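First comes the structure, then the notes that go with it.
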Amino acid sequence: RSRIDAAHMSGATASHAVALSSAALAEIPALDSDTFPILKQTVHDENTKLVYLDSAATSQKPQVVLDALMSYYEHANSNVHRGAHSLSARATESYEGARDKVAALLNAPSREQIVYTRNATEAINLVAHTWGLKNLKKGDQVVLSVMEHHSNLVPWQIVAEKTGAELKHVRLSEDQAYDVEHLKSILADGDGKVKLVAANHVSNVLGCVNPIQEIAGLAHAAGA
């Protein structure tokens with residue numbers, strides 16, 4: 001994890017980052033198809049508008065992101081944390097300022113809880129092979145679901161094999177959705193053994209939107 005102490009940032013930058021409010025975040029423009037330049041094209045013939053549904057593999061970039069990237073390469077492109085010159089200082093402030101903005105957006109108690117990873121697969125593996133290997137032991141339970149992508153399955157299989165922890169899988173309801181009632185029964189039967197509940201928000205297999213807030217609430221109430 002790349003870090004820099006807030007004391008090393010300029011006073012104005014650090015205080016501004018800490019003072020980020022919901023009002024400031026509300027100024028972020030809404031994202032729709034009109035804000036993604038790449039979606040303003042036709043395919044196959046002039047009458048077929050491009051519809052892109054593969055964002056889990058590669059996400060397209062809205063204009064605001066493209067503008068930020070261009071601004072960085074035009075005005076601040078340099079090593080982060082590894083230079084004493086103006087461009088490096090500017091790049092470092094932008095890099096760490098982004099961490100504060102993400103912390104404010106997610107209501108994280110501390111900027112130190114924001115860790116950059118390249119994608120969800122790397123993030124899951126990082127949690128599994130750090131927290132999981134250090135904290136899970138024989139008899140502990142990790143709850144997944146039968147709809148999980150393999151990136152949220154294989155890491156926990158590996159950790160379970162190494163630690164002796166047991167994997168539990170929430171089944172699907174009759175309408176092919178996440179069975180919350182089955183989760184409740186697993187948590188109740190676990191009697192404190194469940195240490196982690198891992199679930200996707202939107203299933204790439206079924207396309208259903210899972211009640212992630214309810215799932216998280218049940219997991220926390222059970223001590224996971």
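By convention in this document, the chains of the structure tokens carry letters A, B, ... by their order, each chain's residues are numbered from 1, and ligands are numbered from 1 in the order they are shown.
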Problem set entry | In stretch 1-195 of chain A, DSSP helix (DSSP H, G or I) residues written as a ChimeraX atom specification | /A:6-8,11-18,22-25,33-35,37-39,63-75,86-106,111-113,120-135,150-152,154-163,180-190
For this session: Fewer than 4 positions away in the same chain doesn't count, so skip those; otherwise give me all residues within 7 Å of A:Val197, counting only C-alpha atoms, as JSON, numbers by chain.
Result: {"A": [142, 143, 144, 219, 224]}
Residues from last step as file, N, CA and C atoms, as a compact mmCIF listing (two decimals), in the first residue's frame:
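And here's part20.txt as it stands now:
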# COMPACT_ATOMS: atom_id res chain seq x y z
N VAL A 142 -16.73 -19.34 6.70
CA VAL A 142 -16.83 -18.25 5.73
C VAL A 142 -18.05 -18.53 4.87
N VAL A 143 -18.95 -17.56 4.78
CA VAL A 143 -20.19 -17.75 4.05
C VAL A 143 -20.12 -17.05 2.70
N LEU A 144 -20.31 -17.82 1.64
CA LEU A 144 -20.38 -17.31 0.28
C LEU A 144 -21.79 -17.57 -0.24
N ALA A 219 -24.78 -9.99 8.73
CA ALA A 219 -23.44 -10.49 9.03
C ALA A 219 -22.85 -9.79 10.25
N ALA A 224 -19.80 -11.24 12.36
CA ALA A 224 -18.87 -11.40 11.22
C ALA A 224 -18.38 -10.05 10.75
For this session: Do a neighbour search on stretch 170-176 of chain A at 9 Å with only C-alpha atoms, toss out local chain neighbours closer than 6 positions, and write the hits as number ranges by chain.
Result: A: 143-147, 182-183, 186, 206, 208
Applying 9 Å and only C-alpha atoms, which residues near A:Ser88 remain after dropping the ones on its own chain fewer than 5 positions away? List them as an mmCIF file with N, CA, C and O atoms, in the first residue's frame.
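Saved result, around-v4.cif, follows:
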data_model
loop_
_atom_site.group_PDB
_atom_site.id
_atom_site.type_symbol
_atom_site.label_atom_id
_atom_site.label_comp_id
_atom_site.auth_asym_id
_atom_site.auth_seq_id
_atom_site.Cartn_x
_atom_site.Cartn_y
_atom_site.Cartn_z
ATOM 1 N N ALA A 76 1.049 17.277 -14.291
ATOM 2 C CA ALA A 76 1.586 16.721 -13.044
ATOM 3 C C ALA A 76 2.304 15.390 -13.211
ATOM 4 O O ALA A 76 2.745 14.813 -12.214
ATOM 5 N N ASN A 77 2.440 14.887 -14.398
ATOM 6 C CA ASN A 77 2.996 13.544 -14.601
ATOM 7 C C ASN A 77 4.399 13.418 -14.002
ATOM 8 O O ASN A 77 5.351 14.066 -14.436
ATOM 9 N N SER A 78 4.525 12.569 -12.965
ATOM 10 C CA SER A 78 5.803 12.381 -12.287
ATOM 11 C C SER A 78 5.685 11.239 -11.296
ATOM 12 O O SER A 78 4.597 10.705 -11.071
ATOM 13 N N ASN A 79 6.822 10.846 -10.696
ATOM 14 C CA ASN A 79 6.807 9.819 -9.660
ATOM 15 C C ASN A 79 6.067 10.309 -8.429
ATOM 16 O O ASN A 79 6.235 11.449 -7.999
ATOM 17 N N VAL A 80 5.263 9.437 -7.844
ATOM 18 C CA VAL A 80 4.565 9.742 -6.598
ATOM 19 C C VAL A 80 5.420 9.257 -5.428
ATOM 20 O O VAL A 80 5.916 8.125 -5.452
ATOM 21 N N HIS A 81 5.623 10.115 -4.428
ATOM 22 C CA HIS A 81 6.362 9.786 -3.202
ATOM 23 C C HIS A 81 7.866 9.631 -3.414
ATOM 24 O O HIS A 81 8.572 9.254 -2.488
ATOM 25 N N ARG A 82 8.361 9.902 -4.613
ATOM 26 C CA ARG A 82 9.773 9.585 -4.854
ATOM 27 C C ARG A 82 10.550 10.751 -5.457
ATOM 28 O O ARG A 82 11.623 10.568 -6.020
ATOM 29 N N GLY A 83 10.012 11.956 -5.334
ATOM 30 C CA GLY A 83 10.733 13.096 -5.864
ATOM 31 C C GLY A 83 10.505 14.325 -5.005
ATOM 32 O O GLY A 83 9.515 14.429 -4.287
ATOM 33 N N GLU A 93 0.353 14.990 -4.114
ATOM 34 C CA GLU A 93 -0.817 15.607 -3.496
ATOM 35 C C GLU A 93 -2.099 15.136 -4.178
ATOM 36 O O GLU A 93 -3.106 14.866 -3.515
#
Exercise. Of the candidates A:Val180, A:Ala104, A:Val43, A:Ala198, which shows the shortest atom-to-atom distance to A:Pro211, using only C-alpha atoms?
Worked result: A:Val180
Exercise. Atom CA of A:Glu166 to atom CA of A:Lys137: how many Å, to one decimal?
Worked result: 9.1 Å
Exercise. Would you give me, as an MDAnalysis selection string, the residues in chain A that DSSP reads as strand (DSSP E)?
Worked result: chainID A and resid 141:145 166:170 194:197
Problem set entry | Residue among A:Gln157, A:His150, A:Lys184, A:Thr163 lying closest to A:Asn200, counting only C-alpha atoms |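 That would be A:His150, the residue with the smallest distance to A:Asn200.
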Seminar exercise, completed: Taken to one decimal, the atom CA of A:Leu69-atom CA of A:Val127 distance is 28.8 Å
For A:Leu39, please output as a PDB file with all heavy atoms, in the first residue's frame all residues within 10 Å (counting only C-alpha atoms; exclusion window: fewer than 4 positions along the same chain).
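Once written, out_16.pdb looks like this:
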ATOM      1  N   ASP A  32     -24.448   9.137 -17.043  1.00  0.00           N
ATOM      2  CA  ASP A  32     -25.364   8.414 -17.910  1.00  0.00           C
ATOM      3  C   ASP A  32     -24.661   8.193 -19.235  1.00  0.00           C
ATOM      4  O   ASP A  32     -23.490   8.518 -19.400  1.00  0.00           O
ATOM      5  CB  ASP A  32     -26.686   9.182 -18.079  1.00  0.00           C
ATOM      6  CG  ASP A  32     -26.470  10.611 -18.569  1.00  0.00           C
ATOM      7  OD1 ASP A  32     -25.537  10.825 -19.368  1.00  0.00           O
ATOM      8  OD2 ASP A  32     -27.219  11.498 -18.159  1.00  0.00           O
ATOM      9  N   SER A  33     -25.350   7.619 -20.184  1.00  0.00           N
ATOM     10  CA  SER A  33     -24.698   7.272 -21.446  1.00  0.00           C
ATOM     11  C   SER A  33     -24.144   8.495 -22.164  1.00  0.00           C
ATOM     12  O   SER A  33     -23.162   8.394 -22.920  1.00  0.00           O
ATOM     13  CB  SER A  33     -25.689   6.541 -22.364  1.00  0.00           C
ATOM     14  OG  SER A  33     -26.822   7.350 -22.638  1.00  0.00           O
ATOM     15  N   ASP A  34     -24.723   9.671 -21.925  1.00  0.00           N
ATOM     16  CA  ASP A  34     -24.249  10.883 -22.602  1.00  0.00           C
ATOM     17  C   ASP A  34     -22.901  11.356 -22.062  1.00  0.00           C
ATOM     18  O   ASP A  34     -22.224  12.157 -22.703  1.00  0.00           O
ATOM     19  CB  ASP A  34     -25.279  12.009 -22.453  1.00  0.00           C
ATOM     20  CG  ASP A  34     -26.548  11.731 -23.238  1.00  0.00           C
ATOM     21  OD1 ASP A  34     -26.459  10.983 -24.238  1.00  0.00           O
ATOM     22  OD2 ASP A  34     -27.613  12.237 -22.858  1.00  0.00           O
ATOM     23  N   THR A  35     -22.516  10.902 -20.884  1.00  0.00           N
ATOM     24  CA  THR A  35     -21.251  11.352 -20.290  1.00  0.00           C
ATOM     25  C   THR A  35     -20.085  10.446 -20.660  1.00  0.00           C
ATOM     26  O   THR A  35     -18.958  10.706 -20.256  1.00  0.00           O
ATOM     27  CB  THR A  35     -21.369  11.428 -18.753  1.00  0.00           C
ATOM     28  OG1 THR A  35     -21.627  10.115 -18.240  1.00  0.00           O
ATOM     29  CG2 THR A  35     -22.488  12.366 -18.335  1.00  0.00           C
ATOM     30  N   LYS A  49     -27.159   1.765 -32.149  1.00  0.00           N
ATOM     31  CA  LYS A  49     -26.392   2.453 -31.128  1.00  0.00           C
ATOM     32  C   LYS A  49     -25.632   1.439 -30.277  1.00  0.00           C
ATOM     33  O   LYS A  49     -26.161   0.384 -29.917  1.00  0.00           O
ATOM     34  CB  LYS A  49     -27.315   3.284 -30.234  1.00  0.00           C
ATOM     35  CG  LYS A  49     -26.591   4.110 -29.187  1.00  0.00           C
ATOM     36  CD  LYS A  49     -27.570   4.950 -28.375  1.00  0.00           C
ATOM     37  CE  LYS A  49     -26.833   5.782 -27.323  1.00  0.00           C
ATOM     38  NZ  LYS A  49     -27.779   6.595 -26.512  1.00  0.00           N
ATOM     39  N   LEU A  50     -24.392   1.767 -29.948  1.00  0.00           N
ATOM     40  CA  LEU A  50     -23.585   0.882 -29.123  1.00  0.00           C
ATOM     41  C   LEU A  50     -24.162   0.764 -27.715  1.00  0.00           C
ATOM     42  O   LEU A  50     -24.431   1.756 -27.054  1.00  0.00           O
ATOM     43  CB  LEU A  50     -22.138   1.410 -29.032  1.00  0.00           C
ATOM     44  CG  LEU A  50     -21.213   0.677 -28.066  1.00  0.00           C
ATOM     45  CD1 LEU A  50     -20.993  -0.767 -28.506  1.00  0.00           C
ATOM     46  CD2 LEU A  50     -19.884   1.403 -27.937  1.00  0.00           C
ATOM     47  N   VAL A  51     -24.370  -0.457 -27.263  1.00  0.00           N
ATOM     48  CA  VAL A  51     -24.772  -0.753 -25.891  1.00  0.00           C
ATOM     49  C   VAL A  51     -23.696  -1.653 -25.302  1.00  0.00           C
ATOM     50  O   VAL A  51     -23.415  -2.725 -25.837  1.00  0.00           O
ATOM     51  CB  VAL A  51     -26.140  -1.456 -25.835  1.00  0.00           C
ATOM     52  CG1 VAL A  51     -26.478  -1.831 -24.388  1.00  0.00           C
ATOM     53  CG2 VAL A  51     -27.231  -0.565 -26.422  1.00  0.00           C
ATOM     54  N   TYR A  52     -23.087  -1.213 -24.230  1.00  0.00           N
ATOM     55  CA  TYR A  52     -21.941  -1.921 -23.642  1.00  0.00           C
ATOM     56  C   TYR A  52     -22.329  -2.550 -22.314  1.00  0.00           C
ATOM     57  O   TYR A  52     -22.772  -1.865 -21.396  1.00  0.00           O
ATOM     58  CB  TYR A  52     -20.782  -0.941 -23.444  1.00  0.00           C
ATOM     59  CG  TYR A  52     -19.504  -1.574 -22.961  1.00  0.00           C
ATOM     60  CD1 TYR A  52     -18.657  -2.236 -23.844  1.00  0.00           C
ATOM     61  CD2 TYR A  52     -19.135  -1.498 -21.623  1.00  0.00           C
ATOM     62  CE1 TYR A  52     -17.471  -2.818 -23.416  1.00  0.00           C
ATOM     63  CE2 TYR A  52     -17.952  -2.071 -21.182  1.00  0.00           C
ATOM     64  CZ  TYR A  52     -17.125  -2.732 -22.078  1.00  0.00           C
ATOM     65  OH  TYR A  52     -15.957  -3.303 -21.648  1.00  0.00           O
ATOM     66  N   GLN A  60     -15.741   1.415 -19.014  1.00  0.00           N
ATOM     67  CA  GLN A  60     -15.506   2.578 -19.864  1.00  0.00           C
ATOM     68  C   GLN A  60     -15.357   3.826 -18.997  1.00  0.00           C
ATOM     69  O   GLN A  60     -15.787   3.854 -17.841  1.00  0.00           O
ATOM     70  CB  GLN A  60     -16.644   2.731 -20.874  1.00  0.00           C
ATOM     71  CG  GLN A  60     -16.849   1.525 -21.770  1.00  0.00           C
ATOM     72  CD  GLN A  60     -15.615   1.196 -22.605  1.00  0.00           C
ATOM     73  OE1 GLN A  60     -14.724   2.031 -22.780  1.00  0.00           O
ATOM     74  NE2 GLN A  60     -15.562  -0.025 -23.119  1.00  0.00           N
ATOM     75  N   LYS A  61     -14.766   4.859 -19.554  1.00  0.00           N
ATOM     76  CA  LYS A  61     -14.426   6.047 -18.775  1.00  0.00           C
ATOM     77  C   LYS A  61     -15.306   7.225 -19.184  1.00  0.00           C
ATOM     78  O   LYS A  61     -15.394   7.559 -20.373  1.00  0.00           O
ATOM     79  CB  LYS A  61     -12.956   6.421 -18.994  1.00  0.00           C
ATOM     80  CG  LYS A  61     -11.983   5.266 -18.771  1.00  0.00           C
ATOM     81  CD  LYS A  61     -12.069   4.700 -17.369  1.00  0.00           C
ATOM     82  CE  LYS A  61     -11.023   3.610 -17.149  1.00  0.00           C
ATOM     83  NZ  LYS A  61     -11.359   2.352 -17.845  1.00  0.00           N
ATOM     84  N   PRO A  62     -15.961   7.874 -18.215  1.00  0.00           N
ATOM     85  CA  PRO A  62     -16.747   9.074 -18.517  1.00  0.00           C
ATOM     86  C   PRO A  62     -15.828  10.242 -18.835  1.00  0.00           C
ATOM     87  O   PRO A  62     -14.630  10.213 -18.542  1.00  0.00           O
ATOM     88  CB  PRO A  62     -17.532   9.308 -17.230  1.00  0.00           C
ATOM     89  CG  PRO A  62     -16.669   8.734 -16.161  1.00  0.00           C
ATOM     90  CD  PRO A  62     -16.012   7.530 -16.778  1.00  0.00           C
TER      91      PRO A  62
END
Exercise. What lies within 12 Å of A:Val154 using only C-alpha atoms, ignoring chain neighbours under 4 positions off, as an MDAnalysis selection string?
Worked result: chainID A and resid 121 124:125 128:129 144 148:150 158:161 167
Output all heavy atoms for every residue in that selection, as a CSV table (one decimal), in the first residue's frame.
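File produced: again-v3.csv:
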chain,number,residue,atom,x,y,z
A,121,THR,N,-10.8,-8.6,-8.2
A,121,THR,CA,-10.1,-9.8,-8.0
A,121,THR,C,-8.9,-9.7,-7.1
A,121,THR,O,-8.7,-10.5,-6.2
A,121,THR,CB,-9.7,-10.5,-9.3
A,121,THR,OG1,-10.9,-10.7,-10.1
A,121,THR,CG2,-9.0,-11.8,-9.2
A,124,ILE,N,-10.0,-8.9,-3.4
A,124,ILE,CA,-10.5,-10.1,-2.7
A,124,ILE,C,-9.3,-11.0,-2.3
A,124,ILE,O,-9.2,-11.5,-1.2
A,124,ILE,CB,-11.5,-10.9,-3.6
A,124,ILE,CG1,-12.7,-10.1,-3.8
A,124,ILE,CG2,-11.8,-12.2,-2.9
A,124,ILE,CD1,-13.7,-10.6,-4.8
A,125,ASN,N,-8.4,-11.2,-3.2
A,125,ASN,CA,-7.2,-12.0,-2.9
A,125,ASN,C,-6.3,-11.4,-1.8
A,125,ASN,O,-5.8,-12.1,-1.0
A,125,ASN,CB,-6.3,-12.2,-4.2
A,125,ASN,CG,-6.8,-13.4,-5.0
A,125,ASN,OD1,-6.5,-14.6,-4.7
A,125,ASN,ND2,-7.6,-13.1,-6.0
A,128,ALA,N,-8.2,-12.1,1.4
A,128,ALA,CA,-8.1,-13.5,1.7
A,128,ALA,C,-6.7,-14.0,2.2
A,128,ALA,O,-6.6,-14.7,3.2
A,128,ALA,CB,-8.5,-14.4,0.5
A,129,HIS,N,-5.7,-13.5,1.6
A,129,HIS,CA,-4.3,-13.9,1.9
A,129,HIS,C,-3.6,-13.1,3.0
A,129,HIS,O,-2.5,-13.4,3.3
A,129,HIS,CB,-3.5,-14.0,0.6
A,129,HIS,CG,-4.0,-15.1,-0.3
A,129,HIS,ND1,-3.6,-16.4,-0.2
A,129,HIS,CD2,-4.8,-15.0,-1.4
A,129,HIS,CE1,-4.2,-17.1,-1.1
A,129,HIS,NE2,-4.9,-16.3,-1.9
A,144,LEU,N,-20.3,-17.8,1.6
A,144,LEU,CA,-20.4,-17.3,0.3
A,144,LEU,C,-21.8,-17.6,-0.2
A,144,LEU,O,-22.7,-17.8,0.5
A,144,LEU,CB,-19.3,-18.0,-0.6
A,144,LEU,CG,-17.9,-18.0,-0.1
A,144,LEU,CD1,-17.0,-18.9,-0.9
A,144,LEU,CD2,-17.3,-16.6,0.0
A,148,GLU,N,-21.6,-16.9,-6.7
A,148,GLU,CA,-20.4,-16.1,-6.7
A,148,GLU,C,-19.5,-16.3,-7.9
A,148,GLU,O,-19.5,-17.5,-8.4
A,148,GLU,CB,-19.6,-16.4,-5.5
A,148,GLU,CG,-20.2,-16.0,-4.1
A,148,GLU,CD,-20.7,-14.5,-4.1
A,148,GLU,OE1,-19.9,-13.7,-4.6
A,148,GLU,OE2,-21.8,-14.3,-3.6
A,149,HIS,N,-18.9,-15.3,-8.4
A,149,HIS,CA,-17.9,-15.4,-9.5
A,149,HIS,C,-16.7,-16.1,-8.9
A,149,HIS,O,-16.5,-16.1,-7.7
A,149,HIS,CB,-17.5,-14.0,-9.9
A,149,HIS,CG,-16.6,-13.9,-11.1
A,149,HIS,ND1,-15.2,-14.1,-10.9
A,149,HIS,CD2,-16.8,-13.7,-12.4
A,149,HIS,CE1,-14.7,-14.0,-12.1
A,149,HIS,NE2,-15.6,-13.7,-13.0
A,150,HIS,N,-16.0,-16.8,-9.7
A,150,HIS,CA,-14.9,-17.6,-9.2
A,150,HIS,C,-13.8,-16.8,-8.4
A,150,HIS,O,-13.1,-17.3,-7.6
A,150,HIS,CB,-14.2,-18.5,-10.3
A,150,HIS,CG,-13.4,-17.7,-11.3
A,150,HIS,ND1,-14.0,-17.1,-12.4
A,150,HIS,CD2,-12.1,-17.3,-11.4
A,150,HIS,CE1,-13.1,-16.5,-13.1
A,150,HIS,NE2,-12.0,-16.6,-12.5
A,158,ILE,N,-8.9,-21.7,-1.2
A,158,ILE,CA,-7.4,-21.9,-0.9
A,158,ILE,C,-7.2,-21.6,0.6
A,158,ILE,O,-6.5,-22.3,1.3
A,158,ILE,CB,-6.6,-20.9,-1.7
A,158,ILE,CG1,-6.7,-21.3,-3.2
A,158,ILE,CG2,-5.1,-20.9,-1.3
A,158,ILE,CD1,-6.0,-20.4,-4.2
A,159,VAL,N,-7.8,-20.5,1.1
A,159,VAL,CA,-7.6,-20.1,2.5
A,159,VAL,C,-8.2,-21.2,3.4
A,159,VAL,O,-7.6,-21.5,4.5
A,159,VAL,CB,-8.2,-18.7,2.8
A,159,VAL,CG1,-8.3,-18.5,4.3
A,159,VAL,CG2,-7.4,-17.6,2.1
A,160,ALA,N,-9.4,-21.7,3.1
A,160,ALA,CA,-10.0,-22.7,3.9
A,160,ALA,C,-9.2,-24.0,3.9
A,160,ALA,O,-9.0,-24.6,5.0
A,160,ALA,CB,-11.4,-23.1,3.3
A,161,GLU,N,-8.5,-24.3,2.8
A,161,GLU,CA,-7.7,-25.5,2.8
A,161,GLU,C,-6.4,-25.3,3.7
A,161,GLU,O,-6.0,-26.3,4.3
A,161,GLU,CB,-7.2,-25.8,1.4
A,161,GLU,CG,-6.4,-27.0,1.2
A,161,GLU,CD,-6.0,-27.3,-0.3
A,161,GLU,OE1,-6.5,-26.6,-1.1
A,161,GLU,OE2,-5.2,-28.3,-0.5
A,167,LEU,N,-16.3,-23.6,4.5
A,167,LEU,CA,-17.1,-22.7,3.6
A,167,LEU,C,-18.5,-23.1,3.6
A,167,LEU,O,-18.9,-24.3,3.5
A,167,LEU,CB,-16.5,-22.8,2.1
A,167,LEU,CG,-15.1,-22.4,1.9
A,167,LEU,CD1,-14.8,-22.4,0.4
A,167,LEU,CD2,-14.8,-21.0,2.5
Exercise. Could you work out how far atom CA of A:Leu106 lies from atom CA of A:Ser203, giving the answer in Å with one decimal?
Worked result: 21.8 Å
Exercise. Taking into account only C-alpha atoms, which residue in the set A:Gly207, A:Gly217, A:Gly223, A:Pro155 is nearest to A:Ala56?
Worked result: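 Among A:Gly207, A:Gly217, A:Gly223, A:Pro155, it is A:Gly207 that comes nearest to A:Ala56.
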Fewer than 4 positions away in the same chain doesn't count, so skip those; otherwise give me all residues within 12 Å of A:Ala123, counting only C-alpha atoms, as a JSON list (two decimals) with C-alpha atoms, in the first residue's frame.
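File produced: part27.json:
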[["chain", "number", "residue", "atom", "x", "y", "z"],
["A", 1, "ARG", "CA", 0.00, 0.00, 0.00],
["A", 114, "ILE", "CA", -8.40, 3.17, 1.82],
["A", 115, "VAL", "CA", -6.16, 0.72, -0.04],
["A", 116, "TYR", "CA", -5.68, 0.97, -3.79],
["A", 117, "THR", "CA", -5.89, -2.23, -5.83],
["A", 118, "ARG", "CA", -6.08, -2.82, -9.57],
["A", 119, "ASN", "CA", -9.45, -4.60, -9.54],
["A", 127, "VAL", "CA", -8.12, -9.75, 1.97],
["A", 128, "ALA", "CA", -8.10, -13.54, 1.75],
["A", 129, "HIS", "CA", -4.32, -13.95, 1.89],
["A", 130, "THR", "CA", -3.71, -11.32, 4.58],
["A", 131, "TRP", "CA", -6.69, -11.09, 6.93],
["A", 151, "SER", "CA", -12.81, -14.59, -8.06],
["A", 152, "ASN", "CA", -14.88, -14.58, -4.86],
["A", 155, "PRO", "CA", -9.36, -17.44, -2.85]]
